[in-house]
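Enquirer: Sharing model-v9.csv here; it has CSV, C-alpha atoms (C1' of nucleotides).
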chain,number,residue,atom,x,y,z
S,1,MET,CA,-17.7,39.3,10.9
S,2,ARG,CA,-18.8,36.0,9.3
S,3,THR,CA,-15.5,34.2,9.8
S,4,LEU,CA,-17.2,30.8,9.3
S,5,LYS,CA,-18.2,31.9,5.8
S,6,TYR,CA,-14.5,32.3,4.9
S,7,ALA,CA,-13.4,29.1,6.6
S,8,LEU,CA,-16.0,27.3,4.3
S,9,LEU,CA,-14.9,29.2,1.2
S,10,GLY,CA,-11.3,28.4,1.9
S,11,LEU,CA,-12.0,24.7,2.2
S,12,ILE,CA,-14.2,24.7,-0.9
S,13,ASP,CA,-11.6,26.7,-2.8
S,14,ARG,CA,-9.3,23.7,-2.4
S,15,GLY,CA,-11.6,21.6,-4.5
S,16,PRO,CA,-15.2,20.3,-4.5
S,17,ILE,CA,-16.3,19.0,-1.1
S,18,THR,CA,-19.4,17.9,0.7
S,19,GLY,CA,-20.9,19.5,3.9
S,20,TYR,CA,-20.2,16.3,5.7
S,21,ASP,CA,-16.5,16.4,4.9
S,22,ILE,CA,-16.3,20.0,5.9
S,23,SER,CA,-17.8,19.1,9.2
S,24,LYS,CA,-15.2,16.4,9.6
S,25,GLU,CA,-12.4,18.9,9.1
S,26,PHE,CA,-13.7,21.0,11.9
S,27,GLU,CA,-14.3,18.1,14.3
S,28,LYS,CA,-11.3,15.9,14.0
S,29,ARG,CA,-8.6,17.3,11.7
S,30,ILE,CA,-5.9,19.9,12.0
S,31,MET,CA,-8.5,22.7,11.7
S,32,ALA,CA,-9.9,21.9,15.1
S,33,ASN,CA,-6.8,23.5,16.5
S,34,PHE,CA,-8.0,27.0,15.6
S,35,TRP,CA,-11.6,26.8,14.3
S,36,HIS,CA,-14.6,24.6,14.8
S,37,ALA,CA,-18.3,24.4,13.8
S,38,LYS,CA,-20.9,21.7,14.2
S,39,HIS,CA,-22.7,20.3,11.2
S,40,SER,CA,-25.9,22.2,12.4
S,41,GLN,CA,-24.0,25.4,11.7
S,42,VAL,CA,-22.2,24.3,8.5
S,43,TYR,CA,-25.3,23.2,6.5
S,44,PRO,CA,-27.3,26.5,6.9
S,45,GLU,CA,-24.1,28.5,6.1
S,46,LEU,CA,-23.6,26.5,2.9
S,47,LYS,CA,-27.2,27.2,2.0
S,48,ARG,CA,-26.5,30.9,2.5
S,49,LEU,CA,-23.3,30.8,0.4
S,50,LEU,CA,-25.3,29.2,-2.4
S,51,GLU,CA,-27.9,32.0,-2.3
S,52,GLU,CA,-25.1,34.5,-2.4
S,53,ASN,CA,-23.7,32.8,-5.5
S,54,LEU,CA,-20.3,32.2,-3.9
S,55,ILE,CA,-20.5,28.5,-4.4
S,56,THR,CA,-22.4,26.1,-6.6
S,57,VAL,CA,-23.8,22.6,-5.8
S,58,GLU,CA,-23.9,19.4,-7.7
S,59,LEU,CA,-26.0,16.5,-6.5
S,60,ILE,CA,-24.3,13.1,-6.8
S,61,ILE,CA,-25.6,9.7,-6.1
S,62,GLN,CA,-23.5,7.4,-3.9
S,63,GLY,CA,-24.3,3.7,-4.4
S,64,GLU,CA,-28.0,2.9,-4.9
S,65,LYS,CA,-29.8,6.1,-4.0
S,66,MET,CA,-27.9,8.0,-1.3
S,67,GLU,CA,-27.6,11.6,-2.2
S,68,LYS,CA,-24.7,13.9,-1.4
S,69,LYS,CA,-24.0,17.4,-2.4
S,70,LEU,CA,-20.7,18.5,-3.8
S,71,TYR,CA,-20.0,22.2,-3.4
S,72,THR,CA,-17.7,24.1,-5.8
S,73,ILE,CA,-16.5,27.7,-5.5
S,74,THR,CA,-17.5,30.3,-8.0
S,75,THR,CA,-15.3,33.1,-9.4
S,76,GLU,CA,-17.0,35.6,-7.1
S,77,GLY,CA,-16.5,33.2,-4.2
S,78,HIS,CA,-12.8,32.8,-4.8
S,79,ALA,CA,-12.4,36.6,-5.2
S,80,GLU,CA,-14.2,37.3,-1.9
S,81,PHE,CA,-12.1,34.7,-0.1
S,82,VAL,CA,-8.8,36.0,-1.3
S,83,GLU,CA,-9.9,39.6,-0.4
S,84,TRP,CA,-10.6,38.4,3.1
S,85,LEU,CA,-7.4,36.5,3.3
S,86,LEU,CA,-5.4,39.7,2.8
S,87,LEU,CA,-7.3,41.7,5.4
S,88,ASP,CA,-5.2,43.0,8.4
S,89,GLU,CA,-7.7,42.9,11.2
S,90,PRO,CA,-7.2,44.3,14.7
S,91,LEU,CA,-6.2,41.7,17.3
S,92,GLY,CA,-9.7,40.8,18.7
S,93,VAL,CA,-10.6,39.9,22.2
S,94,THR,CA,-8.5,37.6,24.3
S,95,PRO,CA,-9.9,34.1,24.2
S,96,LYS,CA,-11.9,33.0,27.3
S,97,ASP,CA,-10.3,30.4,29.6
S,98,VAL,CA,-12.2,28.8,32.4
S,99,PHE,CA,-9.1,27.5,34.2
S,100,ARG,CA,-7.5,30.9,34.2
S,101,LEU,CA,-10.8,32.1,35.8
S,102,ARG,CA,-10.5,29.5,38.5
S,103,THR,CA,-6.8,30.6,39.0
S,104,PHE,CA,-7.9,34.2,39.3
S,105,PHE,CA,-10.2,33.1,42.2
S,106,SER,CA,-7.8,30.7,43.7
S,107,ASP,CA,-7.9,32.7,47.0
S,108,PHE,CA,-11.3,31.0,47.6
S,109,MET,CA,-9.7,27.5,47.7
S,110,SER,CA,-7.0,25.8,49.7
S,111,ALA,CA,-3.5,25.5,48.3
S,112,SER,CA,-3.9,21.7,48.1
S,113,ASP,CA,-7.2,22.0,46.2
S,114,TYR,CA,-5.6,24.4,43.7
S,115,GLU,CA,-2.5,22.1,43.5
S,116,GLN,CA,-4.8,19.2,42.6
S,117,HIS,CA,-6.4,21.4,39.9
S,118,LEU,CA,-2.9,22.2,38.5
S,119,HIS,CA,-1.9,18.5,38.3
S,120,SER,CA,-5.2,17.7,36.6
S,121,GLN,CA,-4.6,20.4,34.0
S,122,LEU,CA,-1.0,19.3,33.5
S,123,ASP,CA,-2.2,15.8,32.8
S,124,LYS,CA,-4.8,17.0,30.2
S,125,HIS,CA,-2.5,19.4,28.5
S,126,ASN,CA,0.4,16.8,28.4
S,127,PHE,CA,-2.0,14.4,26.8
S,128,LYS,CA,-3.1,16.9,24.2
S,129,LYS,CA,0.5,17.9,23.5
S,130,ALA,CA,1.5,14.3,23.0
S,131,SER,CA,-1.3,13.8,20.5
S,132,LEU,CA,-0.3,16.9,18.6
S,133,GLU,CA,3.4,15.9,18.5
S,134,ASN,CA,2.3,12.5,17.3
S,135,SER,CA,0.5,14.1,14.4
S,136,MET,CA,3.6,16.2,13.7
S,137,THR,CA,6.1,13.4,13.5
S,138,LYS,CA,3.7,11.2,11.6
S,139,SER,CA,3.0,13.9,8.9
S,140,PHE,CA,6.2,15.9,8.6
S,141,ASP,CA,9.8,14.9,8.6
S,142,ASN,CA,10.9,18.3,7.3
S,143,ILE,CA,9.4,21.8,6.8
S,144,PRO,CA,7.1,21.8,3.7
S,145,GLU,CA,7.8,24.5,1.2
S,146,TYR,CA,5.8,27.8,1.4
S,147,GLY,CA,2.9,27.8,-1.1
S,148,SER,CA,1.9,24.2,-0.5
S,149,LYS,CA,-1.2,23.1,1.4
S,150,GLU,CA,1.2,21.2,3.7
S,151,PHE,CA,2.9,24.4,4.8
S,152,GLY,CA,-0.3,25.7,6.3
S,153,ASP,CA,-0.9,22.3,8.0
S,154,TYR,CA,2.6,22.4,9.4
S,155,ALA,CA,2.5,26.0,10.6
S,156,VAL,CA,-0.8,25.6,12.5
S,157,LEU,CA,0.2,22.3,14.0
S,158,LEU,CA,3.5,23.8,15.2
S,159,GLY,CA,1.5,26.7,16.7
S,160,ALA,CA,-0.8,24.3,18.5
S,161,ILE,CA,2.2,22.4,20.0
S,162,MET,CA,3.9,25.7,21.1
S,163,ARG,CA,0.6,26.8,22.6
S,164,GLU,CA,0.4,23.6,24.7
S,165,ASP,CA,4.1,24.0,25.7
S,166,SER,CA,3.4,27.5,26.9
S,167,TYR,CA,0.3,26.4,28.8
S,168,LEU,CA,2.3,23.6,30.5
S,169,ALA,CA,5.1,26.0,31.4
S,170,TRP,CA,2.5,28.3,32.9
S,171,LEU,CA,1.0,25.6,35.0
S,172,LYS,CA,4.4,24.6,36.2
S,173,ALA,CA,5.2,28.2,37.1
S,174,CYS,CA,1.9,28.3,39.1
S,175,LEU,CA,2.9,25.2,41.0
S,176,GLY,CA,6.3,26.7,41.7
S,177,ALA,CA,4.7,29.9,42.9
S,178,ILE,CA,2.6,28.0,45.5
S,179,ASN,CA,5.5,26.0,46.8
S,180,ARG,CA,7.9,28.8,46.9
S,181,GLN,CA,6.3,30.0,50.2
S,182,ASP,CA,8.5,28.2,52.8
K,1,MET,CA,-22.4,26.0,31.4
K,2,ARG,CA,-23.2,29.5,32.7
K,3,THR,CA,-19.6,30.5,33.3
K,4,LEU,CA,-20.5,34.2,33.4
K,5,LYS,CA,-22.7,33.4,36.5
K,6,TYR,CA,-19.6,32.1,38.4
K,7,ALA,CA,-17.4,35.0,37.2
K,8,LEU,CA,-20.0,37.4,38.7
K,9,LEU,CA,-20.4,35.4,41.9
K,10,GLY,CA,-16.6,35.3,42.4
K,11,LEU,CA,-16.3,39.1,42.0
K,12,ILE,CA,-19.3,39.7,44.3
K,13,ASP,CA,-17.9,37.2,46.8
K,14,ARG,CA,-14.9,39.5,47.2
K,15,GLY,CA,-17.2,42.2,48.6
K,16,PRO,CA,-20.2,44.3,47.7
K,17,ILE,CA,-19.9,45.7,44.1
K,18,THR,CA,-22.0,47.4,41.5
K,19,GLY,CA,-22.8,46.1,38.0
K,20,TYR,CA,-20.8,49.1,36.6
K,21,ASP,CA,-17.7,48.1,38.5
K,22,ILE,CA,-18.1,44.5,37.5
K,23,SER,CA,-18.2,45.6,33.8
K,24,LYS,CA,-15.1,47.7,34.3
K,25,GLU,CA,-13.3,44.5,35.6
K,26,PHE,CA,-14.1,42.7,32.4
K,27,GLU,CA,-13.3,45.6,30.1
K,28,LYS,CA,-10.1,47.1,31.4
K,29,ARG,CA,-8.6,45.1,34.2
K,30,ILE,CA,-6.6,41.9,34.6
K,31,MET,CA,-9.8,39.8,34.0
K,32,ALA,CA,-9.9,40.9,30.4
K,33,ASN,CA,-6.9,38.5,29.9
K,34,PHE,CA,-9.2,35.4,30.3
K,35,TRP,CA,-12.8,36.5,30.4
K,36,HIS,CA,-15.0,39.3,29.2
K,37,ALA,CA,-18.6,40.5,29.1
K,38,LYS,CA,-20.3,43.7,28.0
K,39,HIS,CA,-22.5,45.6,30.4
K,40,SER,CA,-25.5,44.5,28.3
K,41,GLN,CA,-24.8,40.9,29.4
K,42,VAL,CA,-23.8,41.7,33.0
K,43,TYR,CA,-27.0,43.6,34.0
K,44,PRO,CA,-29.4,40.8,32.9
K,45,GLU,CA,-27.2,38.2,34.5
K,46,LEU,CA,-27.2,40.1,37.8
K,47,LYS,CA,-31.0,40.2,37.6
K,48,ARG,CA,-31.1,36.5,37.2
K,49,LEU,CA,-28.7,35.8,40.1
K,50,LEU,CA,-31.0,38.0,42.3
K,51,GLU,CA,-34.0,35.9,41.2
K,52,GLU,CA,-32.1,32.8,42.1
K,53,ASN,CA,-31.3,34.2,45.5
K,54,LEU,CA,-27.6,33.9,45.0
K,55,ILE,CA,-27.0,37.6,45.6
K,56,THR,CA,-28.9,40.4,47.3
K,57,VAL,CA,-29.1,44.1,46.3
K,58,GLU,CA,-29.0,47.3,48.2
K,59,LEU,CA,-29.9,50.6,46.6
K,60,ILE,CA,-27.7,53.5,47.5
K,61,ILE,CA,-27.8,57.1,46.6
K,62,GLN,CA,-24.7,58.7,45.2
K,63,GLY,CA,-24.7,62.5,45.6
K,64,GLU,CA,-28.1,64.2,45.0
K,65,LYS,CA,-30.2,61.5,43.4
K,66,MET,CA,-28.1,59.1,41.3
K,67,GLU,CA,-28.9,55.6,42.2
K,68,LYS,CA,-26.5,52.7,42.2
K,69,LYS,CA,-27.0,49.1,43.1
K,70,LEU,CA,-24.6,47.3,45.5
K,71,TYR,CA,-24.7,43.5,45.1
K,72,THR,CA,-23.8,41.2,48.0
K,73,ILE,CA,-23.4,37.5,47.9
K,74,THR,CA,-25.7,35.2,49.9
K,75,THR,CA,-24.8,32.0,51.8
K,76,GLU,CA,-26.2,29.9,48.9
K,77,GLY,CA,-24.4,32.1,46.4
K,78,HIS,CA,-21.1,31.5,48.1
K,79,ALA,CA,-21.7,27.8,48.4
K,80,GLU,CA,-22.5,27.5,44.7
K,81,PHE,CA,-19.5,29.5,43.8
K,82,VAL,CA,-17.1,27.4,45.8
K,83,GLU,CA,-18.6,24.2,44.5
K,84,TRP,CA,-18.0,25.4,41.0
K,85,LEU,CA,-14.4,26.4,41.8
K,86,LEU,CA,-13.6,22.9,42.8
K,87,LEU,CA,-15.0,21.3,39.6
K,88,ASP,CA,-12.6,19.5,37.4
K,89,GLU,CA,-14.1,20.0,33.9
K,90,PRO,CA,-12.8,18.5,30.7
K,91,LEU,CA,-10.6,20.7,28.6
K,92,GLY,CA,-13.2,22.3,26.3
K,93,VAL,CA,-12.8,23.3,22.7
K,94,THR,CA,-9.6,25.0,21.5
K,95,PRO,CA,-10.1,28.7,21.2
K,96,LYS,CA,-10.7,30.1,17.7
K,97,ASP,CA,-8.0,32.2,16.1
K,98,VAL,CA,-8.6,34.1,12.9
K,99,PHE,CA,-4.9,34.6,12.2
K,100,ARG,CA,-4.2,30.8,12.5
K,101,LEU,CA,-7.1,30.3,10.0
K,102,ARG,CA,-5.4,32.7,7.6
K,103,THR,CA,-2.1,30.8,8.1
K,104,PHE,CA,-3.9,27.5,7.3
K,105,PHE,CA,-4.9,29.0,4.0
K,106,SER,CA,-1.6,30.7,3.3
K,107,ASP,CA,-1.2,28.7,0.1
K,108,PHE,CA,-3.8,31.1,-1.4
K,109,MET,CA,-1.5,34.1,-0.9
K,110,SER,CA,2.0,35.0,-2.0
K,111,ALA,CA,5.0,34.6,0.4
K,112,SER,CA,5.4,38.4,0.6
K,113,ASP,CA,1.7,38.9,1.5
K,114,TYR,CA,1.9,36.3,4.2
K,115,GLU,CA,5.2,37.8,5.4
K,116,GLN,CA,3.5,41.2,5.7
K,117,HIS,CA,0.8,39.6,7.8
K,118,LEU,CA,3.4,38.0,10.1
K,119,HIS,CA,5.1,41.4,10.6
K,120,SER,CA,1.8,43.0,11.4
K,121,GLN,CA,1.0,40.3,13.9
K,122,LEU,CA,4.4,40.6,15.5
K,123,ASP,CA,3.8,44.3,16.0
K,124,LYS,CA,0.5,43.8,17.6
K,125,HIS,CA,1.5,41.0,19.9
K,126,ASN,CA,4.7,42.8,20.8
K,127,PHE,CA,2.6,45.8,21.8
K,128,LYS,CA,0.3,43.7,23.9
K,129,LYS,CA,3.2,41.9,25.6
K,130,ALA,CA,4.8,45.2,26.4
K,131,SER,CA,1.6,46.5,28.0
K,132,LEU,CA,1.3,43.3,30.0
K,133,GLU,CA,4.9,43.4,31.2
K,134,ASN,CA,4.4,47.0,32.2
K,135,SER,CA,1.4,45.9,34.4
K,136,MET,CA,3.5,43.2,35.9
K,137,THR,CA,6.5,45.3,36.9
K,138,LYS,CA,4.2,48.1,38.2
K,139,SER,CA,2.1,45.8,40.3
K,140,PHE,CA,4.5,43.1,41.5
K,141,ASP,CA,8.1,43.2,42.7
K,142,ASN,CA,7.9,39.7,44.1
K,143,ILE,CA,5.5,36.7,44.0
K,144,PRO,CA,2.5,37.3,46.2
K,145,GLU,CA,1.7,34.5,48.7
K,146,TYR,CA,-0.8,31.9,47.9
K,147,GLY,CA,-4.2,32.6,49.3
K,148,SER,CA,-4.1,36.3,48.7
K,149,LYS,CA,-6.2,38.0,45.9
K,150,GLU,CA,-2.8,39.2,44.6
K,151,PHE,CA,-1.7,35.7,43.9
K,152,GLY,CA,-4.5,35.2,41.4
K,153,ASP,CA,-3.8,38.5,39.8
K,154,TYR,CA,-0.1,37.6,39.5
K,155,ALA,CA,-0.7,34.1,38.1
K,156,VAL,CA,-3.1,35.1,35.4
K,157,LEU,CA,-0.9,38.1,34.4
K,158,LEU,CA,2.1,35.8,34.2
K,159,GLY,CA,0.0,33.4,32.1
K,160,ALA,CA,-1.0,36.2,29.7
K,161,ILE,CA,2.6,37.3,29.2
K,162,MET,CA,3.7,33.7,28.6
K,163,ARG,CA,0.9,33.3,26.1
K,164,GLU,CA,2.1,36.4,24.2
K,165,ASP,CA,5.7,35.1,24.3
K,166,SER,CA,4.6,31.8,22.8
K,167,TYR,CA,2.5,33.5,20.1
K,168,LEU,CA,5.5,35.7,19.2
K,169,ALA,CA,7.8,32.7,19.1
K,170,TRP,CA,5.3,31.0,16.8
K,171,LEU,CA,5.1,34.0,14.4
K,172,LYS,CA,8.9,34.1,14.3
K,173,ALA,CA,9.0,30.4,13.5
K,174,CYS,CA,6.6,30.9,10.7
K,175,LEU,CA,8.8,33.7,9.3
K,176,GLY,CA,11.8,31.4,9.6
K,177,ALA,CA,9.9,28.6,7.8
K,178,ILE,CA,9.2,30.8,4.8
K,179,ASN,CA,12.7,32.1,4.5
K,180,ARG,CA,14.3,28.7,5.0
K,181,GLN,CA,13.6,27.9,1.3
K,182,ASP,CA,16.7,29.0,-0.4
L,1,DG,C1',-22.1,75.1,29.2
L,2,DA,C1',-19.9,71.1,27.3
L,3,DT,C1',-17.5,67.0,27.7
L,4,DT,C1',-16.2,62.9,30.1
L,5,DG,C1',-17.3,59.5,33.1
L,6,DC,C1',-20.7,57.2,36.3
L,7,DA,C1',-24.6,54.3,36.3
L,8,DT,C1',-28.4,51.2,34.5
L,9,DG,C1',-31.0,49.2,31.5
L,10,DT,C1',-33.6,46.9,26.8
L,11,DA,C1',-34.0,45.1,21.9
L,12,DA,C1',-32.5,43.0,17.8
L,13,DG,C1',-29.7,40.1,15.8
L,14,DA,C1',-25.5,37.2,15.1
L,15,DG,C1',-23.1,33.2,16.4
L,16,DG,C1',-23.1,28.8,18.4
L,17,DT,C1',-24.8,24.3,20.9
L,18,DT,C1',-27.9,20.6,21.9
L,19,DA,C1',-31.3,17.9,20.6
L,20,DC,C1',-34.5,16.1,17.3
L,21,DA,C1',-35.2,13.8,12.9
L,22,DT,C1',-34.4,10.8,9.0
L,23,DG,C1',-32.5,7.6,5.9
L,24,DA,C1',-28.5,5.0,3.3
L,25,DT,C1',-24.2,2.3,3.3
L,26,DT,C1',-20.6,-0.4,4.9
L,27,DC,C1',-18.5,-3.7,7.7
L,28,DC,C1',-18.7,-7.4,11.1
C,1,DG,C1',-29.1,-8.6,11.4
C,2,DG,C1',-26.8,-5.0,14.0
C,3,DA,C1',-23.5,-1.4,14.6
C,4,DA,C1',-20.9,2.2,13.0
C,5,DT,C1',-20.4,5.5,9.7
C,6,DC,C1',-22.1,8.3,5.9
C,7,DA,C1',-25.1,12.1,4.8
C,8,DT,C1',-28.3,16.0,5.4
C,9,DG,C1',-31.2,18.8,7.6
C,10,DT,C1',-34.4,21.7,11.4
C,11,DA,C1',-35.8,23.6,16.0
C,12,DA,C1',-35.1,25.4,20.4
C,13,DC,C1',-32.2,27.4,23.1
C,14,DC,C1',-28.1,29.8,25.0
C,15,DT,C1',-24.5,33.2,24.6
C,16,DC,C1',-22.8,37.3,23.1
C,17,DT,C1',-22.5,41.8,20.4
C,18,DT,C1',-24.3,46.1,18.6
C,19,DA,C1',-27.2,49.5,19.0
C,20,DC,C1',-30.6,52.1,21.3
C,21,DA,C1',-32.0,54.7,25.4
C,22,DT,C1',-31.8,57.5,29.6
C,23,DG,C1',-30.1,60.4,33.2
C,24,DC,C1',-26.8,62.1,36.9
C,25,DA,C1',-22.1,63.9,38.5
C,26,DA,C1',-17.7,65.8,38.1
C,27,DT,C1',-14.4,68.6,35.8
C,28,DC,C1',-12.8,72.1,32.7
How does this structure look as structure tokens?
Expert:
Amino acid sequence: MRTLKYALLGLIDRGPITGYDISKEFEKRIMANFWHAKHSQVYPELKRLLEENLITVELIIQGEKMEKKLYTITTEGHAEFVEWLLLDEPLGVTPKDVFRLRTFFSDFMSASDYEQHLHSQLDKHNFKKASLENSMTKSFDNIPEYGSKEFGDYAVLLGAIMREDSYLAWLKACLGAINRQD
Amino acid sequence: MRTLKYALLGLIDRGPITGYDISKEFEKRIMANFWHAKHSQVYPELKRLLEENLITVELIIQGEKMEKKLYTITTEGHAEFVEWLLLDEPLGVTPKDVFRLRTFFSDFMSASDYEQHLHSQLDKHNFKKASLENSMTKSFDNIPEYGSKEFGDYAVLLGAIMREDSYLAWLKACLGAINRQD
DNA sequence: GATTGCATGTAAGAGGTTACATGATTCC
DNA sequence: GGAATCATGTAACCTCTTACATGCAATC
């Protein structure tokens, strides 16, 4: 399906960018909430997009002699990206979740062991949620208007927070379901 | 991390089972809500578990001459599975989501195109939620007791429904955020 | 007798991670 | 001078999907 291809095209379509900065988007920024790729995957894909004439590259010198490569989208690249953007694909497989797998097999552990698991998960997801909410309040004091880059940022951040909320609610429901037996 | 290994060990730990029936679990049953694997991945992994002495195999004849292989867990297999079950692993990367990626790049499409996307997603997730809720009401009229196989089934099904609920709520929030501009 | 489901496998390739490898720049 | 960060790449390996391949059993 080559989704990474379109993730890269989208980022490059926003303006010239280096492979390094693309990798940073995946690792640390908002994008990490719904897509990711290591630099070892990004660089070869950029090479491929170049060969396919979807992007061009400009070598620039930073400081004395350090080279960096600025990638820019081509007309064909933009066209392919927008075409992909409008596709209505079927839902795709449900994401894998190791903790749900452990829950499925919870009959192989004691109630107190599973309860410990649940508390550990609650801690981790609470932490993640807090970090997302921190980003939210720091970046947005009202809903950005549709059509701006910020709208996308806001929408996916909201989605990430809601996903954490739902996961936390599920964990609490599991706790409740254990302790209901009395 | 070899998570598939433990998914297989868990299923086999519940009692002797064939590779075919394991594949069915991943494709159609409750497990599909948090893990999946095609038969082309299951059969080689079973072979590997055999070599590692974590399971044993018994060849049985079905009908006239059709062979099937019943896998049974060994003492070592059970021990390794339970050890894995109790592991408290770090959270792991956020699952990829193509529709969130499209949302992130929504500034490259018109509001009406994105709104169409949202309605299409609402349809698909509503359908999925209805199917999950149908399973829930058909299988459970009250919360199974902790320690039973049914408790795990119930917990992951509940989680799947809550996940769909949350996704639907997010989609509606996105719709609201577009139409708020007036 | 044909279709659907049962049952098991392999091969090629795509997608992704970990580790290896190198060198420049900036900040302390 | 040393550490962290900038910047780019490759190699080996693991995971997973798609396609190929075969044959039996049950049902209509």
Enquirer: With 10 Å as the limit and counting only C-alpha atoms (C1' of nucleotides), what residues in chain K lie close to chain C? Please list them as a ChimeraX atom specification.
Expert: /K:1-2,4,37-38,40-41,62-67
Enquirer: For each of S:Arg48, S:Gly19, S:Lys68, S:Phe34, take the minimum atom-to-atom distance to chain L, counting all atoms listed in the file, then give the residue where this is smallest.
Expert: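 The shortest atom-to-atom distance to chain L comes from S:Lys68.
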Enquirer: Anything within 12 Å of (-4.4, 37.2, 37.3): list those residues as number ranges by chain, counting only C-alpha atoms (C1' of nucleotides) and sticking to the file's coordinates.
Expert: S: 97, 99-107, 174; K: 25, 29-35, 132, 135-136, 139-140, 143-144, 148-161
Enquirer: Should the cut-off be 10 Å, what would the residue list for chain L against chain K look like, counting only C-alpha atoms (C1' of nucleotides), as a ChimeraX atom specification?
Expert: /L:6-10
Enquirer: Restricted to C-alpha atoms (C1' of nucleotides), what would the selected residues look like written as a short mmCIF file (atom, residue, chain, number, x, y, z; two decimals), keeping the file's coordinate frame?
Expert:
data_model
loop_
_atom_site.label_atom_id
_atom_site.label_comp_id
_atom_site.auth_asym_id
_atom_site.auth_seq_id
_atom_site.Cartn_x
_atom_site.Cartn_y
_atom_site.Cartn_z
"C1'" DC L 6 -20.70 57.20 36.30
"C1'" DA L 7 -24.60 54.30 36.30
"C1'" DT L 8 -28.40 51.20 34.50
"C1'" DG L 9 -31.00 49.20 31.50
"C1'" DT L 10 -33.60 46.90 26.80
#
Enquirer: Work out how far apart CA of Thr56 (chain K) and CA of Thr72 (chain K) are and give it in Å to one decimal.
Expert: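 Between CA of Thr56 (chain K) and CA of Thr72 (chain K) the gap is 5.2 Å.
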Enquirer: Looking at K:Ala169, K:Val42, K:Leu54, K:Ile17, which one is nearest to chain S, with distances taken over all atoms listed in the file?
Expert: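 Of K:Ala169, K:Val42, K:Leu54, K:Ile17, the one nearest chain S, counting all atoms listed in the file, is K:Ala169.
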Enquirer: My list of candidates is S:Met109, S:Leu11, S:Ile60, S:Phe26. Which is closest to Trp84 (chain K) when distances are computed with all atoms listed in the file?
Expert: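 Of S:Met109, S:Leu11, S:Ile60, S:Phe26, the one nearest Trp84 (chain K), counting all atoms listed in the file, is S:Met109.
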Enquirer: Between CA of Pro90 (chain S) and CA of Thr3 (chain S), what is the distance, to one decimal in Å?
Expert: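 For CA of Pro90 (chain S) relative to CA of Thr3 (chain S), the distance reads 14.0 Å.
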Enquirer: Write out as a ChimeraX atom specification which residues come within 12 Å of Asp123 (chain K) when counting all atoms listed in the file, dropping same-chain ones fewer than 2 positions away.
Expert: /S:88,90-91 /K:116-121,125-130,164,167-168,171-172
Enquirer: Separation of CA of Leu8 (chain S) and CA of Glu83 (chain S), in Å?
Expert: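 Here the two named atoms are 14.5 Å from each other.
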